[in-house]
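Containing compact mmCIF, C-alpha atoms: structure20.txt.
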# COMPACT_ATOMS: atom_id res chain seq x y z
CA TRP A 1 0.00 0.00 0.00
CA TYR A 2 1.59 3.24 -1.22
CA CYS A 3 0.06 6.53 -0.13
CA TYR A 4 1.43 10.04 -0.68
CA GLU A 5 0.64 13.49 0.57
CA ASP A 6 1.39 15.13 -2.77
CA ASN A 7 1.11 12.91 -5.81
CA ASN A 8 -1.17 11.78 -8.60
CA CYS A 9 -3.74 9.18 -7.53
CA GLN A 10 -3.70 7.48 -10.95
CA ALA A 11 0.06 6.92 -10.81
CA VAL A 12 -0.07 5.70 -7.21
CA SER A 13 -2.85 3.23 -8.09
CA LEU A 14 -0.69 1.86 -10.90
CA GLN A 15 2.33 1.70 -8.58
CA ILE A 16 0.34 -0.46 -6.11
CA ILE A 17 -0.84 -2.78 -8.89
CA ALA A 18 2.64 -2.98 -10.42
CA ALA A 19 4.12 -3.94 -7.03
CA LYS A 20 1.58 -6.78 -6.82
CA ASN A 21 3.10 -7.95 -10.14
CA ASP A 22 6.66 -7.70 -8.72
CA ILE A 23 7.38 -4.44 -10.56
CA ASN A 24 8.92 -1.98 -8.10
CA LEU A 25 9.59 1.49 -9.46
CA PRO A 26 9.42 5.01 -7.99
CA VAL A 27 6.08 6.78 -8.29
CA ASP A 28 7.50 9.54 -10.51
CA TYR A 29 8.20 6.92 -13.18
CA PHE A 30 4.51 5.95 -13.19
CA ASN A 31 3.59 9.63 -13.50
CA PHE A 32 5.89 9.81 -16.54
CA LEU A 33 4.39 6.69 -18.12
CA ILE A 34 0.75 7.77 -17.65
CA GLY A 35 1.50 11.35 -18.69
CA ASN A 36 -1.77 12.96 -17.59
CA THR A 37 0.10 15.38 -15.31
CA PHE A 38 1.82 16.81 -18.39
CA GLY A 39 -1.56 17.98 -19.71
CA ALA A 40 -4.04 20.74 -18.98
CA MET A 41 -7.58 21.55 -20.10
CA TYR A 42 -9.53 24.80 -20.36
CA THR A 43 -13.08 25.22 -21.66
CA LYS A 44 -13.78 28.71 -22.92
CA GLY A 45 -17.04 30.14 -21.64
CA ALA A 46 -17.40 27.53 -18.91
CA GLY A 47 -14.42 28.87 -16.96
CA THR A 48 -13.22 25.33 -16.32
CA PHE A 49 -9.45 24.81 -16.04
CA LEU A 50 -7.95 21.46 -15.06
CA PRO A 51 -4.17 21.13 -14.59
CA ASN A 52 -4.23 17.54 -15.88
CA SER A 53 -5.60 15.48 -18.77
CA ASP A 54 -7.70 12.31 -19.03
CA PRO A 55 -5.72 9.48 -17.36
CA GLU A 56 -7.58 6.60 -19.04
CA PRO A 57 -5.66 6.68 -22.38
CA GLY A 58 -2.44 7.14 -20.40
CA LEU A 59 -3.10 4.00 -18.35
CA ILE A 60 -3.45 1.94 -21.54
CA VAL A 61 -0.10 3.16 -22.84
CA ALA A 62 1.65 2.96 -19.45
CA ALA A 63 0.58 -0.65 -18.86
CA SER A 64 2.38 -1.89 -21.97
CA TYR A 65 5.67 -0.52 -20.61
CA LEU A 66 5.19 -2.61 -17.47
CA GLY A 67 4.46 -5.86 -19.29
CA LEU A 68 0.74 -5.46 -18.49
CA SER A 69 -2.46 -4.70 -20.37
CA ARG A 70 -5.33 -2.68 -18.96
CA GLN A 71 -8.78 -4.29 -18.94
CA TYR A 72 -11.77 -1.95 -18.52
CA LEU A 73 -15.06 -3.56 -17.44
CA TYR A 74 -18.38 -1.76 -17.07
CA SER A 75 -22.04 -2.52 -16.35
CA ASP A 76 -25.35 -0.95 -15.36
CA ASP A 77 -26.22 -3.99 -13.23
CA PRO A 78 -25.11 -3.44 -9.59
CA ALA A 79 -25.31 -7.14 -8.67
CA LEU A 80 -23.20 -8.14 -11.68
CA PHE A 81 -20.68 -5.41 -10.93
CA LEU A 82 -20.31 -6.32 -7.24
CA GLY A 83 -20.10 -10.03 -8.07
CA THR A 84 -17.37 -9.42 -10.63
CA LEU A 85 -15.47 -7.23 -8.17
CA ARG A 86 -15.56 -9.98 -5.54
CA LEU A 87 -14.55 -12.63 -8.07
CA LEU A 88 -11.51 -10.65 -9.20
CA ILE A 89 -10.38 -9.94 -5.63
CA SER A 90 -10.86 -13.62 -4.68
CA LYS A 91 -8.32 -14.42 -7.42
CA GLU A 92 -5.90 -11.95 -5.78
CA ILE A 93 -6.28 -9.49 -8.64
CA PRO A 94 -6.10 -5.88 -7.35
CA VAL A 95 -8.80 -3.71 -8.89
CA ARG A 96 -8.41 -0.04 -9.69
CA ILE A 97 -11.58 1.95 -9.00
CA SER A 98 -12.44 5.50 -10.10
CA TRP A 99 -15.02 7.25 -7.97
CA ASN A 100 -16.19 10.50 -6.40
CA ALA A 101 -14.14 10.77 -3.21
CA ALA A 102 -16.51 13.37 -1.75
CA ILE A 103 -18.81 10.42 -0.99
CA THR A 104 -16.09 8.13 0.41
CA ALA A 105 -13.89 10.60 2.35
CA GLU A 106 -15.55 9.86 5.69
CA PHE A 107 -14.51 6.19 5.55
CA ALA A 108 -10.87 7.06 4.88
CA LEU A 109 -10.75 9.79 7.51
CA ARG A 110 -12.34 7.61 10.21
CA SER A 111 -10.28 4.52 9.38
CA GLY A 112 -7.49 5.32 11.87
CA TYR A 113 -4.79 5.26 9.20
CA PHE A 114 -4.37 9.02 8.96
CA ASP A 115 -3.55 11.97 11.23
CA LEU A 116 -6.57 14.26 11.38
CA ALA A 117 -6.55 17.97 12.14
CA PRO A 118 -8.88 18.82 15.06
CA ASP A 119 -10.88 21.25 12.93
CA LEU A 120 -11.08 18.99 9.87
CA LYS A 121 -14.39 19.14 8.00
CA LEU A 122 -15.67 16.45 5.68
CA PRO A 123 -16.34 17.56 2.09
CA SER A 124 -19.96 18.01 1.13
CA LYS A 125 -21.37 14.89 -0.53
CA ASN A 126 -22.73 17.21 -3.22
CA SER A 127 -19.19 18.20 -4.21
CA PHE A 128 -17.12 16.34 -6.81
CA ILE A 129 -13.63 14.93 -6.21
CA PRO A 130 -12.64 12.51 -9.00
CA HIS A 131 -10.24 10.00 -7.51
CA SER A 132 -8.51 6.65 -8.09
CA VAL A 133 -8.00 3.92 -5.45
CA VAL A 134 -7.21 0.19 -5.37
CA PHE A 135 -9.55 -2.49 -4.00
CA THR A 136 -7.86 -5.40 -2.24
CA GLY A 137 -10.46 -7.24 -0.15
CA TYR A 138 -14.10 -7.81 0.79
CA ASP A 139 -16.45 -9.34 3.35
CA SER A 140 -20.17 -10.16 3.22
CA SER A 141 -21.35 -6.56 2.95
CA SER A 142 -18.29 -4.37 2.40
CA PHE A 143 -15.03 -3.89 0.51
CA TYR A 144 -11.52 -2.88 1.57
CA TYR A 145 -9.42 -0.43 -0.39
CA TYR A 146 -6.06 1.32 -0.35
CA GLU A 147 -6.29 5.11 -0.37
CA THR A 148 -3.68 6.76 -2.62
CA THR A 149 -3.62 10.37 -1.36
CA ALA A 150 -3.59 11.50 2.26
CA ASP A 151 -1.97 13.83 4.78
CA ARG A 152 1.36 12.00 4.88
CA ASN A 153 3.49 9.56 2.89
CA PHE A 154 3.62 5.90 3.87
CA ILE A 155 4.24 2.42 2.57
CA LYS A 156 2.47 -0.48 4.29
CA GLN A 157 2.36 -4.22 3.64
CA GLY A 158 -0.29 -6.75 4.55
CA GLU A 159 -2.90 -4.21 5.60
CA LYS A 160 -6.59 -4.93 5.14
CA GLY A 161 -7.15 -1.34 4.11
CA ILE A 162 -10.15 0.92 4.58
CA ARG A 163 -13.57 -0.70 4.99
CA ILE A 164 -16.49 0.73 3.03
CA PRO A 165 -20.06 -0.63 2.67
CA GLN A 166 -20.96 -1.85 -0.80
CA GLY A 167 -23.83 0.63 -1.13
CA ASP A 168 -21.43 3.54 -0.74
CA VAL A 169 -19.11 1.94 -3.30
CA LEU A 170 -21.93 1.89 -5.87
CA GLN A 171 -22.97 5.45 -5.05
CA ALA A 172 -19.43 6.84 -5.34
CA ILE A 173 -18.73 5.12 -8.68
CA SER A 174 -22.08 6.01 -10.26
CA SER A 175 -21.62 9.60 -9.08
CA LEU A 176 -18.39 9.87 -11.07
CA SER A 177 -20.05 8.24 -14.11
CA SER A 178 -22.90 10.71 -13.91
CA ARG A 179 -20.63 13.77 -13.57
CA TYR A 180 -18.55 12.70 -16.58
CA LYS A 181 -21.70 11.66 -18.51
CA LEU A 182 -20.38 8.15 -19.14
CA PRO A 183 -22.84 5.80 -20.87
CA TRP A 184 -22.65 3.29 -17.98
CA LYS A 185 -23.01 3.43 -14.20
CA TYR A 186 -20.23 1.23 -12.85
CA MET A 187 -16.70 0.51 -14.06
CA LEU A 188 -13.44 -1.03 -12.90
CA SER A 189 -9.97 -1.63 -14.29
CA THR A 190 -7.58 -4.55 -13.92
CA PHE A 191 -4.11 -5.12 -15.30
CA GLU A 192 -3.08 -8.51 -16.70
CA LYS A 193 0.30 -9.90 -17.76
CA ASP A 194 1.18 -9.07 -21.36
CA SER A 195 4.15 -8.39 -23.63
CA LEU A 196 6.62 -5.70 -22.57
CA LYS A 197 7.46 -2.61 -24.61
CA THR A 198 10.98 -1.36 -24.01
CA THR A 199 11.43 1.72 -26.22
CA LEU A 200 9.78 4.88 -24.90
CA THR A 201 8.64 6.13 -28.32
CA LYS A 202 4.92 6.21 -27.49
CA ILE A 203 5.54 7.78 -24.08
CA TRP A 204 7.57 10.67 -25.51
CA GLU A 205 5.01 11.15 -28.28
CA ARG A 206 1.97 11.18 -25.99
CA ASN A 207 3.54 13.39 -23.35
CA GLY A 208 4.76 15.77 -26.06
CA ASN A 209 1.29 16.08 -27.54
CA GLU A 210 -0.20 16.59 -24.06
CA LEU A 211 2.18 19.51 -23.43
CA ILE A 212 1.72 21.14 -26.85
CA GLY A 213 -2.05 20.70 -26.78
CA ASN A 214 -4.92 21.03 -29.21
CA GLN A 215 -8.29 22.66 -29.67
CA PHE A 216 -11.62 20.84 -29.68
CA GLY A 217 -14.35 23.45 -30.17
CA PRO A 218 -14.39 25.64 -27.03
CA THR A 219 -11.99 23.29 -25.21
CA TYR A 220 -8.23 23.79 -25.30
CA THR A 221 -5.52 21.46 -23.99
CA GLY A 222 -1.85 21.70 -23.09
CA SER A 223 -0.02 24.98 -23.78
CA LEU A 224 -3.08 26.26 -25.66
CA ALA A 225 -5.13 25.84 -22.48
CA LEU A 226 -2.58 27.92 -20.55
CA THR A 227 -2.68 30.70 -23.16
CA GLU A 228 -6.48 30.81 -23.23
CA PHE A 229 -6.57 30.74 -19.43
CA ALA A 230 -4.15 33.69 -19.37
CA ASP A 231 -6.53 35.61 -21.66
CA ALA A 232 -9.44 34.78 -19.33
CA ILE A 233 -7.49 36.12 -16.33
CA SER A 234 -6.86 39.36 -18.21
CA ARG A 235 -10.56 39.68 -19.00
CA GLU A 236 -11.52 39.06 -15.36
CA GLY A 237 -9.16 41.78 -14.17
CA LEU A 238 -9.81 42.84 -10.59
CA LYS A 239 -12.64 40.29 -10.30
CA MET A 240 -9.80 37.83 -9.59
CA ASN A 241 -9.84 39.22 -6.03
CA GLU A 242 -13.09 37.33 -5.36
CA SER A 243 -12.15 34.66 -2.80
CA ILE A 244 -13.53 31.69 -4.77
CA LYS A 245 -11.72 32.66 -7.97
CA LYS A 246 -8.50 33.54 -6.18
CA ASN A 247 -8.43 30.33 -4.13
CA ALA A 248 -9.16 28.22 -7.21
CA LEU A 249 -6.31 29.94 -9.07
CA LYS A 250 -3.98 29.26 -6.13
CA ARG A 251 -4.85 25.54 -6.16
CA ILE A 252 -4.37 25.28 -9.93
CA THR A 253 -1.06 27.15 -9.84
CA GLN A 254 0.27 25.15 -6.87
CA THR A 255 -0.51 21.89 -8.68
CA LEU A 256 1.19 23.06 -11.87
CA GLN A 257 4.28 24.31 -10.02
CA THR A 258 4.66 21.07 -8.04
CA GLU A 259 4.25 18.87 -11.10
CA ARG A 260 6.62 20.83 -13.35
CA ILE A 261 9.40 20.92 -10.74
CA LYS A 262 9.02 17.19 -10.05
CA GLN A 263 9.01 16.41 -13.79
CA SER A 264 12.14 18.48 -14.29
CA GLU A 265 13.97 16.64 -11.50
CA PHE A 266 12.77 13.28 -12.83
CA LEU A 267 14.09 13.94 -16.34
CA LYS A 268 17.46 15.16 -15.04
CA LEU A 269 17.96 12.11 -12.85
CA THR A 270 16.53 9.47 -15.19
CA PHE A 271 18.10 10.59 -18.49
CA PRO A 272 21.34 12.32 -17.42
CA GLU A 273 23.21 11.67 -20.68
CA GLN A 274 20.53 12.90 -23.11
CA THR A 275 21.13 16.51 -24.14
CA TYR A 276 17.59 17.03 -25.43
CA THR A 277 16.07 15.60 -22.25
CA GLN A 278 18.19 17.89 -20.10
CA GLU A 279 16.99 20.85 -22.19
CA ALA A 280 13.40 19.72 -21.65
CA ALA A 281 14.06 19.46 -17.91
CA GLU A 282 15.35 23.03 -17.86
CA ASN A 283 12.23 24.27 -19.69
CA LEU A 284 9.98 22.56 -17.16
CA ARG A 285 11.97 24.05 -14.30
CA GLU A 286 11.56 27.53 -15.80
CA SER A 287 7.84 26.90 -16.19
CA GLY A 288 7.68 25.85 -12.54
CA ASN A 289 9.49 29.05 -11.58
CA CYS A 290 6.83 31.08 -13.42
CA TYR A 291 4.13 29.37 -11.39
CA GLY A 292 6.11 30.12 -8.23
CA LYS A 293 6.10 33.83 -9.12
CA ILE A 294 2.34 33.68 -9.69
CA LEU A 295 1.86 32.18 -6.21
CA LYS A 296 3.81 35.05 -4.66
CA LEU A 297 1.56 37.54 -6.43
CA LEU A 298 -1.51 35.66 -5.20
CA ASP A 299 -0.27 35.99 -1.63
CA LYS A 300 -1.15 39.70 -1.78
CA SER A 301 -4.35 40.53 0.06
CA ASP A 302 -5.62 42.53 -2.92
CA LEU A 303 -4.49 42.20 -6.52
CA ASP A 304 -4.11 45.43 -8.48
CA LYS A 305 -4.22 45.67 -12.28
CA THR A 306 -0.44 45.38 -12.57
CA SER A 307 -0.46 42.12 -10.57
CA VAL A 308 -3.28 40.61 -12.64
CA ASP A 309 -1.47 41.54 -15.86
CA SER A 310 1.74 39.98 -14.49
CA ILE A 311 -0.09 36.73 -13.66
CA SER A 312 -1.44 36.60 -17.20
CA VAL A 313 2.04 37.22 -18.68
CA LEU A 314 3.58 34.50 -16.48
CA PHE A 315 0.98 31.95 -17.59
CA ARG A 316 1.85 32.75 -21.20
CA LYS A 317 5.57 32.31 -20.43
CA SER A 318 4.83 28.89 -18.90
CA ALA A 319 2.80 28.01 -21.99
CA ASP A 320 5.82 28.83 -24.16
CA TYR A 321 8.22 26.76 -22.03
CA GLU A 322 5.82 23.81 -22.03
CA LYS A 323 5.22 23.98 -25.78
CA LYS A 324 9.00 23.90 -26.33
CA THR A 325 9.26 20.91 -24.00
CA GLY A 326 6.52 19.11 -25.93
CA GLU A 327 8.35 19.74 -29.19
CA ILE A 328 11.51 18.19 -27.70
CA PHE A 329 9.50 15.16 -26.59
CA ILE A 330 8.12 14.75 -30.13
CA LEU A 331 11.69 14.91 -31.42
CA LEU A 332 12.74 12.22 -28.93
CA SER A 333 9.88 10.00 -30.15
Could you show the structure in this file as structure tokens?
Amino acid sequence: WYCYEDNNCQAVSLQIIAAKNDINLPVDYFNFLIGNTFGAMYTKGAGTFLPNSDPEPGLIVAASYLGLSRQYLYSDDPALFLGTLRLLISKEIPVRISWNAAITAEFALRSGYFDLAPDLKLPSKNSFIPHSVVFTGYDSSSFYYYETTADRNFIKQGEKGIRIPQGDVLQAISSLSSRYKLPWKYMLSTFEKDSLKTTLTKIWERNGNELIGNQFGPTYTGSLALTEFADAISREGLKMNESIKKNALKRITQTLQTERIKQSEFLKLTFPEQTYTQEAAENLRESGNCYGKILKLLDKSDLDKTSVDSISVLFRKSADYEKKTGEIFILLS
């Protein structure tokens, strides 16, 4: 059971499953293989910015570099879904589950595995927290799972995990399906032994395209999302002082800064002899520095026009660094 204070739940889920298959690698390598942290998404008009991309395609690609293949099973029948889940676990197959963690947070927080702040409040069950965990056990009415993100890092072996009633499992999964408008209610993923890919061509290509980005109607991805988001910040102007908008921007920027700095360090350590990779690492570090400057501006109690304009400029600079990094990745592929 791997759990981290500051990491991507998709990568940690894959790390747990890989370890079950005797594949032991650092979590940053799984982040690199999945690649969704290299992406970003902004929908013009909706004001929706996500500092990641869809992890599902990334899991398919990542699995092949671990000698595994991802299987995705879905159903509208709750009895069939629960029966299949129990069958897989009885065969000692860990199951990756995507769900709305706003519904399940209380079970993790009350499990005794984590250190809780005295004033901690549970999220509203009407909120939406897309999340990835790994199921490892069951009893007559409940399941046991390994949480992937918490208030501290730890590695545990042989733990039962967090107990959750099966009704809450169904509710949390169907809630995510409903929010994403999937054409089914329940879904799970497993990873089976398969042939192993050894050249990183597809990884460089996918991560490069995620960083460069594209446009799909009003939705922009990658560096294009950053540029469009910068334009939106300029249009908002002093409205960015509204607490909800400012706090959301802080969370987005903090995530982007953390991920870019970690990615830069990973590339430098993992590919020390590749000139192009070292150049890409430097670009990501510079992008991370831009986000750090934005965070300092956001620490001001009130943003003036100059500060808002500076934030917009810094997002555009990050977009440029990330586009250049994506182009290097395409070259490496």
Legend entry - Among listed residues A:Met187, A:Ala101, A:Ile294, A:Leu82, nearest A:Leu256 (using only C-alpha atoms):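 Using only C-alpha atoms, the shortest distance to A:Leu256 belongs to A:Ile294.
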Inset, instruction - Could you jot down the atom CA of A:Glu159 to atom CA of A:Val61 separation for me, Å, one decimal place? - result: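 Atom-to-atom, atom CA of A:Glu159 and atom CA of A:Val61 are spaced 29.5 Å apart.
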Inset, instruction - Give the answer as one residue: which of A:Pro118, A:Gly137, A:Gly58, A:Pro130 has the shortest atom-to-atom distance to A:Leu85, using all atoms listed in the file? - result: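 Between A:Pro118, A:Gly137, A:Gly58, A:Pro130, the residue approaching A:Leu85 most closely is A:Gly137.
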For stretch 130-192 of chain A versus stretch 12-20 of chain A, which residues have an atom no more than 8 Å away, and what is each residue's nearest atom pair and distance in Å rounded to one decimal, using only C-alpha atoms, chain-then-number order, as a tab-separated table?
residue	atom	partner	partner_atom	distance
A:Ser132	CA	A:Ser13	CA	6.6
A:Val133	CA	A:Ser13	CA	5.8
A:Val134	CA	A:Ser13	CA	6.0
A:Thr148	CA	A:Val12	CA	5.9
A:Phe191	CA	A:Ile17	CA	7.6
Stretch 164-279 of chain A near stretch 25-43 of chain A within 6 Å: what's each residue's closest atom pair and its distance in Å to one decimal, counting only C-alpha atoms, ordered by chain then ascending residue number, as a tab-separated table?
residue	atom	partner	partner_atom	distance
A:Asn207	CA	A:Gly35	CA	5.5
A:Glu210	CA	A:Gly39	CA	4.8
A:Leu211	CA	A:Gly39	CA	5.5
A:Pro218	CA	A:Thr43	CA	5.5
A:Thr219	CA	A:Thr43	CA	4.2
A:Tyr220	CA	A:Tyr42	CA	5.2
A:Thr221	CA	A:Met41	CA	4.4
A:Gly222	CA	A:Ala40	CA	4.8
A:Ala225	CA	A:Tyr42	CA	5.0
Inset, instruction - Work out how far apart atom CA of A:Thr253 and atom CA of A:Leu303 are and give it in Å to one decimal. - result: 15.8 Å
Inset, instruction - One decimal, Å: what's the distance from atom CA of A:Leu116 over to atom CA of A:Gly292, could you say? - result: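 Taking atom CA of A:Leu116 as the start and atom CA of A:Gly292 as the end point, the length is 28.2 Å.
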Inset, instruction - Have a look at A:Asp22, A:Glu228, A:Glu147, A:Asp194 and name the one nearest to A:Phe49; count all atoms listed in the file. - result: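 Distance minimum relative to A:Phe49 lands on A:Glu228.
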Legend entry - For stretch 280-286 of chain A: contacts at 8 Å, all atoms listed in the file, fewer than 6 positions along chain excluded, given as a VMD selection string: chain A and resid 260 to 261 263 to 265 267 to 268 318 321 to 322 324 to 325 328 to 329
Legend entry - Residue list as a PyMOL selection string for point (-1.8, 37.2, -12.4), cut-off 12 Å, all atoms listed in the file: chain A and resi 229-241+245-246+249-250+253+290-300+302-317
Inset, instruction - For each of A:Trp204, A:Phe114, A:Phe128, A:Tyr186, take the minimum atom-to-atom distance to A:Arg152, counting only C-alpha atoms, then give the residue where this is smallest. - result: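 Between A:Trp204, A:Phe114, A:Phe128, A:Tyr186, the residue approaching A:Arg152 most closely is A:Phe114.
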Legend entry - Minimum-distance residue to A:Ile89, chosen among A:Asp139, A:Asp77, A:Asp54, A:Glu106 (using all atoms listed in the file):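 For A:Ile89, the nearest of the candidates is A:Asp139.
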Legend entry - Pick from A:Tyr145, A:Phe216, A:Tyr276, A:Trp184, whichever lies nearest to A:Tyr74 using all atoms listed in the file: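 Of A:Tyr145, A:Phe216, A:Tyr276, A:Trp184, the one nearest A:Tyr74 is A:Trp184, counting all atoms listed in the file.
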Hey, can you pull every residue with an atom no more than 9 Å from (-13.3, -3.0, -19.9), using all atoms listed in the file, and send it as a tab-separated table (two decimals) with C-alpha atoms, keeping the file's coordinate frame?
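Saved file result.tsv follows:
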chain	number	residue	atom	x	y	z
A	70	ARG	CA	-5.33	-2.68	-18.96
A	71	GLN	CA	-8.78	-4.29	-18.94
A	72	TYR	CA	-11.77	-1.95	-18.52
A	73	LEU	CA	-15.06	-3.56	-17.44
A	74	TYR	CA	-18.38	-1.76	-17.07
A	187	MET	CA	-16.70	0.51	-14.06
A	188	LEU	CA	-13.44	-1.03	-12.90
A	189	SER	CA	-9.97	-1.63	-14.29
A	190	THR	CA	-7.58	-4.55	-13.92
Legend entry - A:Ser127 surroundings by all atoms listed in the file, 10 Å radius, close-in-sequence under 5 positions cut, as a PyMOL selection string: chain A and resi 100-103
Output C-alpha atoms for every residue in the selection just made, as a PDB file, in the coordinates of the input.
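Full text of selection24.pdb as output:
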ATOM      1  CA  ASN A 100     -16.190  10.500  -6.400  1.00  0.00           C
ATOM      2  CA  ALA A 101     -14.140  10.770  -3.210  1.00  0.00           C
ATOM      3  CA  ALA A 102     -16.510  13.370  -1.750  1.00  0.00           C
ATOM      4  CA  ILE A 103     -18.810  10.420  -0.990  1.00  0.00           C
TER       5      ILE A 103
END
With all heavy atoms as the goal, would you fill in the gaps in stretch 133-140 of chain A and present it as a compact mmCIF listing (two decimals), keeping the file's coordinate frame?
# COMPACT_ATOMS: atom_id res chain seq x y z
N VAL A 133 -8.46 4.73 -6.58
CA VAL A 133 -8.00 3.92 -5.45
C VAL A 133 -7.87 2.47 -5.92
O VAL A 133 -8.23 2.13 -7.05
CB VAL A 133 -8.96 4.01 -4.25
CG1 VAL A 133 -9.04 5.44 -3.72
CG2 VAL A 133 -10.36 3.50 -4.63
N VAL A 134 -7.37 1.61 -5.03
CA VAL A 134 -7.21 0.19 -5.37
C VAL A 134 -7.94 -0.67 -4.35
O VAL A 134 -7.73 -0.54 -3.14
CB VAL A 134 -5.71 -0.20 -5.41
CG1 VAL A 134 -5.55 -1.68 -5.73
CG2 VAL A 134 -4.97 0.64 -6.45
N PHE A 135 -8.80 -1.56 -4.85
CA PHE A 135 -9.55 -2.49 -4.00
C PHE A 135 -8.76 -3.77 -3.82
O PHE A 135 -8.23 -4.33 -4.79
CB PHE A 135 -10.91 -2.81 -4.64
CG PHE A 135 -11.99 -1.82 -4.30
CD1 PHE A 135 -11.72 -0.47 -4.26
CD2 PHE A 135 -13.28 -2.24 -4.03
CE1 PHE A 135 -12.70 0.45 -3.94
CE2 PHE A 135 -14.28 -1.33 -3.73
CZ PHE A 135 -13.99 0.02 -3.68
N THR A 136 -8.70 -4.25 -2.55
CA THR A 136 -7.86 -5.40 -2.24
C THR A 136 -8.58 -6.50 -1.46
O THR A 136 -8.03 -7.57 -1.26
CB THR A 136 -6.64 -4.95 -1.42
OG1 THR A 136 -7.11 -4.35 -0.21
CG2 THR A 136 -5.80 -3.94 -2.19
N GLY A 137 -9.79 -6.23 -0.97
CA GLY A 137 -10.46 -7.24 -0.15
C GLY A 137 -11.95 -7.00 -0.04
O GLY A 137 -12.46 -5.96 -0.48
N TYR A 138 -12.65 -7.96 0.59
CA TYR A 138 -14.10 -7.81 0.79
C TYR A 138 -14.56 -8.72 1.92
O TYR A 138 -13.87 -9.66 2.32
CB TYR A 138 -14.87 -8.14 -0.49
CG TYR A 138 -14.78 -9.58 -0.96
CD1 TYR A 138 -15.69 -10.55 -0.51
CD2 TYR A 138 -13.78 -9.99 -1.85
CE1 TYR A 138 -15.60 -11.87 -0.93
CE2 TYR A 138 -13.69 -11.30 -2.27
CZ TYR A 138 -14.60 -12.24 -1.82
OH TYR A 138 -14.51 -13.54 -2.24
N ASP A 139 -15.76 -8.42 2.45
CA ASP A 139 -16.45 -9.34 3.35
C ASP A 139 -17.90 -9.43 2.86
O ASP A 139 -18.19 -9.08 1.72
CB ASP A 139 -16.32 -8.91 4.82
CG ASP A 139 -16.85 -7.50 5.08
OD1 ASP A 139 -17.81 -7.09 4.39
OD2 ASP A 139 -16.33 -6.82 5.99
N SER A 140 -18.81 -9.88 3.69
CA SER A 140 -20.17 -10.16 3.22
C SER A 140 -20.93 -8.92 2.76
O SER A 140 -21.82 -9.02 1.91
CB SER A 140 -20.97 -10.86 4.33
OG SER A 140 -21.06 -10.02 5.47
